[in-house]
Amino acid sequence: MMRNILNSKYFYLVVSLFCAIYLFLNVSTPGMGSTRDSNQANTSNVNTSATMKMPLQVQADKGKYITGYPGKVSVNIEGSSALVTSTKNTQNFRVYINLTGLSNGKHKVKIQEKGLNRELTCSFKPSYVTVNIQTSSVAELPVEVEYNKDALADGYEVGKIKVSPDTAKVTGAKSEIKKIDRIVAKPLLPGGIKNTFDQEVLLQALDKEGHTLNVVLEPQTAKVTIPISLPSKEVTVNLKATGDNAGNVTLSSKTKKVTVYGSAKQIAAISSSIDIPVDVSDVSGDMRKTVNIINTLGSKIVDSDPEQISVDIKYTNNSTTTDSNNTNTITDSNNEDD
């Protein structure tokens with residue numbers, strides 16, 4: 001019987017009817033289709049907005065110097081979500097002010113855009129900017145170096161300072177260029193510095209009062225080299241006995257010359273030789289003493305190389321005993337060998 005029903009034409013008619021009804025409902029009823037495709041279509045058509053920072057470009061006549069405008073402005077765009085997102089990511093339009101044909105002086109101008117999709121609307125913040133238009137001027141001036149001399153360690157001197165490049169190109173309003181007194185690099189030296197100093201330093205255009213001027217410098221920085229050293233001189237050592245036994249001793253040292261260091265003024269005051277006093281008041285026989293040159297010369301120098309020398313003292317008093325006169329052994333009060 002089941003075979004008869006399946007082979008019946010009425011059975012196929014009923015099945016066909018149900019299939020037709022199902023297809024009709026699936027196509028015509030909302031929500032029965034692809035929910036994902038519907039949501040995507042609806043989302044792309046929804047209006048939205050976005051805000052971004054854009055560089056402000058300037059159109060002006062050649063030979064004009066413009067000041068007063070911001071480097072960037074805030075741009076708000078509104079339109080379909082897909083178009084807003086694409087525009088925000090690519091920023092494929094420009095924002096500008098047109099100063100062509102305007103005379104020197106201050107002007108309030110409207111910010112404009114070019115290249116934005118016509119289906120989008122936009123607004124700027126600020127909408128207007130006030131600019132100052134002046135005749136442009138260009139000059140090339142030498143670079144000077146200014147530094148704090150008090151930062152140098154005591155006695156140290158600065159040699160010939162090098163700056164590279166030694167000139168800078170200055171562009172700005174003609175009125176500002178006329179105010180320039182000097183282009184300076186001001187390196188910051190650490191306190192107590194003793195070695196040559198190298199630094200990349202920002203350049204500044206200053207007027208006579210030391211105020212920074214509103215001009216463009218090219219390059220913006222320069223390398224400054226400041227040689228720092230302690231002046232020196234090689235001198236011969238003259239040993240001078242001092243104290244009660246000064247007439248009873250002879251002095252000698254294997255160190256014949258030393259290098260002394262000091263300020264330029266100190267070094268200039270020292271001749272080709274220096275007297276080194278040796279106190280022999282406590283000497284009663286042959287011995288060796290260590291003399292500190294820096295302590296001995298005091299404020300006459302800052303440093304020496306070597307800092308100290310060994311001095312052999314030979315006692316020559318004839319009134320002493322024969323044993324004392326025949327003493328051949330030299331004792332080192334500091335246990336130091338040359």
# chains A, B, ... in the order shown; residues from 1 in each chain; ligands from 1
>>> residues_around(residues="Arg182 of chain A", least_positions_apart="6", cutoff="7 Å", atoms="only C-alpha atoms", output="JSON, numbers by chain")
{"A": [205, 206, 207]}
>>> write_last_selection(atoms="N, CA and C atoms", output="PDB file, in the first residue's frame")
ATOM      1  N   ALA A 205      68.675  82.532  17.115  1.00  0.00           N
ATOM      2  CA  ALA A 205      68.873  83.881  16.583  1.00  0.00           C
ATOM      3  C   ALA A 205      68.443  84.863  17.671  1.00  0.00           C
ATOM      4  N   LEU A 206      69.375  85.706  18.121  1.00  0.00           N
ATOM      5  CA  LEU A 206      69.106  86.604  19.245  1.00  0.00           C
ATOM      6  C   LEU A 206      69.252  88.066  18.832  1.00  0.00           C
ATOM      7  N   ASP A 207      68.470  88.925  19.483  1.00  0.00           N
ATOM      8  CA  ASP A 207      68.642  90.363  19.285  1.00  0.00           C
ATOM      9  C   ASP A 207      69.649  90.893  20.305  1.00  0.00           C
TER      10      ASP A 207
END
>>> select_by_dssp(residues="segment 117-289 of chain A", states="alpha helix (DSSP H)", output="list in words")
Lys174, Ser175, Glu176, Ile177, Lys178, Lys179, Ala264, Lys265, Gln266, Ile267, Ala268 and Ala269 of chain A
>>> closest_atom_pairs(of="segment 94-177 of chain A", to="segment 61-85 of chain A", cutoff="7 Å", atoms="only C-alpha atoms", output="tab-separated table")
residue	atom	partner	partner_atom	distance
A:Thr100	CA	A:Asp61	CA	5.3
A:Gly101	CA	A:Asp61	CA	6.7
A:Glu119	CA	A:Gly79	CA	6.6
A:Leu120	CA	A:Gly79	CA	4.9
A:Thr121	CA	A:Glu78	CA	5.3
A:Cys122	CA	A:Ile77	CA	4.3
A:Ser123	CA	A:Asn76	CA	5.3
A:Phe124	CA	A:Val75	CA	4.8
A:Lys125	CA	A:Ser74	CA	5.1
A:Pro126	CA	A:Val73	CA	6.8
A:Val129	CA	A:Tyr69	CA	6.2
A:Thr130	CA	A:Gly68	CA	6.4
A:Val131	CA	A:Gly68	CA	4.7
A:Asn132	CA	A:Thr67	CA	5.2
A:Ile133	CA	A:Ile66	CA	4.9
A:Gln134	CA	A:Tyr65	CA	5.2
A:Thr135	CA	A:Lys64	CA	4.7
A:Ser136	CA	A:Tyr65	CA	4.7
A:Gly172	CA	A:Tyr65	CA	6.1
A:Ala173	CA	A:Tyr65	CA	5.5
>>> select_by_dssp(residues="segment 113-157 of chain A", states="strand (DSSP E)", output="VMD selection string")
chain A and resid 113 to 114 121 to 125 128 to 145 157
>>> write_last_selection(atoms="N, CA and C atoms", output="compact mmCIF listing (two decimals), in the first residue's frame")
# COMPACT_ATOMS: atom_id res chain seq x y z
N GLU A 113 39.17 73.16 2.53
CA GLU A 113 39.63 71.80 2.21
C GLU A 113 39.56 71.57 0.72
N LYS A 114 40.36 70.59 0.27
CA LYS A 114 40.34 70.21 -1.13
C LYS A 114 40.60 68.71 -1.23
N THR A 121 30.60 65.63 4.79
CA THR A 121 30.61 67.04 5.22
C THR A 121 31.70 67.19 6.26
N CYS A 122 32.28 68.39 6.35
CA CYS A 122 33.35 68.60 7.32
C CYS A 122 33.26 69.98 7.94
N SER A 123 33.88 70.12 9.10
CA SER A 123 34.00 71.40 9.79
C SER A 123 35.38 71.48 10.43
N PHE A 124 35.88 72.70 10.66
CA PHE A 124 37.23 72.90 11.17
C PHE A 124 37.20 73.62 12.51
N LYS A 125 38.17 73.33 13.31
CA LYS A 125 38.32 74.03 14.59
C LYS A 125 39.80 74.38 14.77
N TYR A 128 38.55 79.92 11.38
CA TYR A 128 39.33 81.02 10.83
C TYR A 128 40.64 81.16 11.62
N VAL A 129 41.68 81.66 10.96
CA VAL A 129 42.94 81.96 11.64
C VAL A 129 43.39 83.36 11.25
N THR A 130 44.09 84.02 12.17
CA THR A 130 44.63 85.34 11.89
C THR A 130 46.12 85.20 11.60
N VAL A 131 46.54 85.64 10.43
CA VAL A 131 47.93 85.51 10.01
C VAL A 131 48.56 86.87 9.83
N ASN A 132 49.88 86.91 9.89
CA ASN A 132 50.62 88.14 9.67
C ASN A 132 51.51 87.94 8.44
N ILE A 133 51.27 88.74 7.41
CA ILE A 133 52.01 88.63 6.16
C ILE A 133 53.05 89.73 6.08
N GLN A 134 54.30 89.33 5.84
CA GLN A 134 55.39 90.29 5.73
C GLN A 134 56.30 89.90 4.58
N THR A 135 57.10 90.85 4.14
CA THR A 135 58.06 90.59 3.08
C THR A 135 59.17 89.69 3.62
N SER A 136 59.46 88.63 2.90
CA SER A 136 60.46 87.66 3.33
C SER A 136 61.87 88.15 3.03
N SER A 137 62.83 87.73 3.88
CA SER A 137 64.23 88.08 3.69
C SER A 137 65.10 86.89 4.07
N VAL A 138 66.27 86.79 3.45
CA VAL A 138 67.20 85.68 3.72
C VAL A 138 68.58 86.26 3.99
N ALA A 139 69.27 85.69 5.00
CA ALA A 139 70.63 86.13 5.32
C ALA A 139 71.46 84.93 5.75
N GLU A 140 72.77 85.03 5.59
CA GLU A 140 73.69 83.99 6.07
C GLU A 140 74.63 84.63 7.06
N LEU A 141 74.62 84.11 8.30
CA LEU A 141 75.36 84.74 9.39
C LEU A 141 76.27 83.72 10.09
N PRO A 142 77.38 84.20 10.67
CA PRO A 142 78.30 83.29 11.39
C PRO A 142 77.68 82.80 12.70
N VAL A 143 78.10 81.62 13.11
CA VAL A 143 77.62 81.03 14.36
C VAL A 143 78.64 81.28 15.46
N GLU A 144 78.19 81.83 16.58
CA GLU A 144 79.04 82.06 17.73
C GLU A 144 78.73 81.03 18.82
N VAL A 145 79.73 80.76 19.67
CA VAL A 145 79.56 79.80 20.77
C VAL A 145 79.64 80.56 22.09
N GLU A 157 91.97 75.59 30.97
CA GLU A 157 91.79 76.62 29.95
C GLU A 157 91.10 76.02 28.72
>>> atom_distance(atom1="atom CA of Asp286 of chain A", atom2="atom CA of Ala246 of chain A")
13.3 Å
>>> closest_atom_pairs(of="segment 92-199 of chain A", to="segment 265-273 of chain A", cutoff="12 Å", atoms="only C-alpha atoms", output="Markdown table")
| residue | atom | partner | partner_atom | distance |
| --- | --- | --- | --- | --- |
| A:Asp154 | CA | A:Gln266 | CA | 11.7 |
| A:Gly155 | CA | A:Gln266 | CA | 8.5 |
| A:Tyr156 | CA | A:Lys265 | CA | 10.9 |
| A:Glu157 | CA | A:Lys265 | CA | 10.4 |
>>> write_last_selection(atoms="all heavy atoms", output="short mmCIF file (atom, residue, chain, number, x, y, z; two decimals), in the first residue's frame")
data_model
loop_
_atom_site.label_atom_id
_atom_site.label_comp_id
_atom_site.auth_asym_id
_atom_site.auth_seq_id
_atom_site.Cartn_x
_atom_site.Cartn_y
_atom_site.Cartn_z
N ASP A 154 89.35 74.28 38.21
CA ASP A 154 90.34 75.31 38.53
C ASP A 154 91.61 75.17 37.69
O ASP A 154 92.21 74.09 37.63
CB ASP A 154 90.72 75.24 40.01
CG ASP A 154 89.58 75.69 40.92
OD1 ASP A 154 88.66 76.35 40.40
OD2 ASP A 154 89.61 75.36 42.11
N GLY A 155 92.01 76.27 37.08
CA GLY A 155 93.24 76.30 36.30
C GLY A 155 93.10 75.85 34.87
O GLY A 155 93.99 76.11 34.05
N TYR A 156 92.00 75.18 34.52
CA TYR A 156 91.85 74.65 33.16
C TYR A 156 91.48 75.76 32.19
O TYR A 156 90.78 76.72 32.53
CB TYR A 156 90.80 73.53 33.14
CG TYR A 156 91.35 72.21 33.63
CD1 TYR A 156 91.58 72.00 35.00
CD2 TYR A 156 91.68 71.19 32.75
CE1 TYR A 156 92.11 70.80 35.46
CE2 TYR A 156 92.21 69.99 33.21
CZ TYR A 156 92.41 69.81 34.56
OH TYR A 156 92.94 68.62 35.01
N GLU A 157 91.97 75.59 30.97
CA GLU A 157 91.79 76.62 29.95
C GLU A 157 91.10 76.02 28.72
O GLU A 157 91.17 74.80 28.48
CB GLU A 157 93.15 77.20 29.53
CG GLU A 157 93.98 77.76 30.67
CD GLU A 157 93.51 79.14 31.10
OE1 GLU A 157 92.80 79.79 30.29
OE2 GLU A 157 93.85 79.56 32.22
#
>>> closest_residue(among="A:Thr221, A:Asn98, A:Thr196, A:Gln112", to="Ser164 of chain A", atoms="only C-alpha atoms")
A:Thr221
>>> closest_atom_pairs(of="segment 229-317 of chain A", to="segment 191-194 of chain A", cutoff="12 Å", atoms="only C-alpha atoms", output="CSV")
residue,atom,partner,partner_atom,distance
A:Ser229,CA,A:Lys194,CA,6.4
A:Leu230,CA,A:Lys194,CA,7.9
A:Pro231,CA,A:Lys194,CA,11.6
>>> closest_residue(among="A:Ala185, A:Met52, A:Val249, A:Ala241", to="Thr225 of chain A", atoms="only C-alpha atoms")
A:Ala185
>>> atom_distance(atom1="atom CA of Lys223 of chain A", atom2="atom CA of Pro165 of chain A")
7.3 Å
>>> residues_around(residues="Val224 of chain A", least_positions_apart="6", cutoff="7 Å", atoms="only C-alpha atoms", output="JSON, numbers by chain")
{"A": [162, 163, 164, 198, 199, 200, 201]}
>>> write_last_selection(atoms="N, CA and C atoms", output="PDB file, in the first residue's frame")
ATOM      1  N   LYS A 162      85.767  74.917  17.996  1.00  0.00           N
ATOM      2  CA  LYS A 162      85.337  74.605  16.635  1.00  0.00           C
ATOM      3  C   LYS A 162      83.829  74.433  16.607  1.00  0.00           C
ATOM      4  N   VAL A 163      83.184  74.966  15.568  1.00  0.00           N
ATOM      5  CA  VAL A 163      81.746  74.802  15.384  1.00  0.00           C
ATOM      6  C   VAL A 163      81.495  74.458  13.915  1.00  0.00           C
ATOM      7  N   SER A 164      80.689  73.430  13.691  1.00  0.00           N
ATOM      8  CA  SER A 164      80.416  72.966  12.330  1.00  0.00           C
ATOM      9  C   SER A 164      78.921  72.685  12.147  1.00  0.00           C
ATOM     10  N   ASP A 198      82.292  67.789  23.465  1.00  0.00           N
ATOM     11  CA  ASP A 198      81.637  67.752  22.155  1.00  0.00           C
ATOM     12  C   ASP A 198      80.135  67.654  22.364  1.00  0.00           C
ATOM     13  N   GLN A 199      79.370  68.434  21.596  1.00  0.00           N
ATOM     14  CA  GLN A 199      77.909  68.373  21.722  1.00  0.00           C
ATOM     15  C   GLN A 199      77.240  68.963  20.478  1.00  0.00           C
ATOM     16  N   GLU A 200      76.094  68.341  20.086  1.00  0.00           N
ATOM     17  CA  GLU A 200      75.241  68.896  19.032  1.00  0.00           C
ATOM     18  C   GLU A 200      74.308  69.896  19.706  1.00  0.00           C
ATOM     19  N   VAL A 201      74.391  71.156  19.292  1.00  0.00           N
ATOM     20  CA  VAL A 201      73.721  72.234  20.023  1.00  0.00           C
ATOM     21  C   VAL A 201      72.698  72.935  19.134  1.00  0.00           C
TER      22      VAL A 201
END
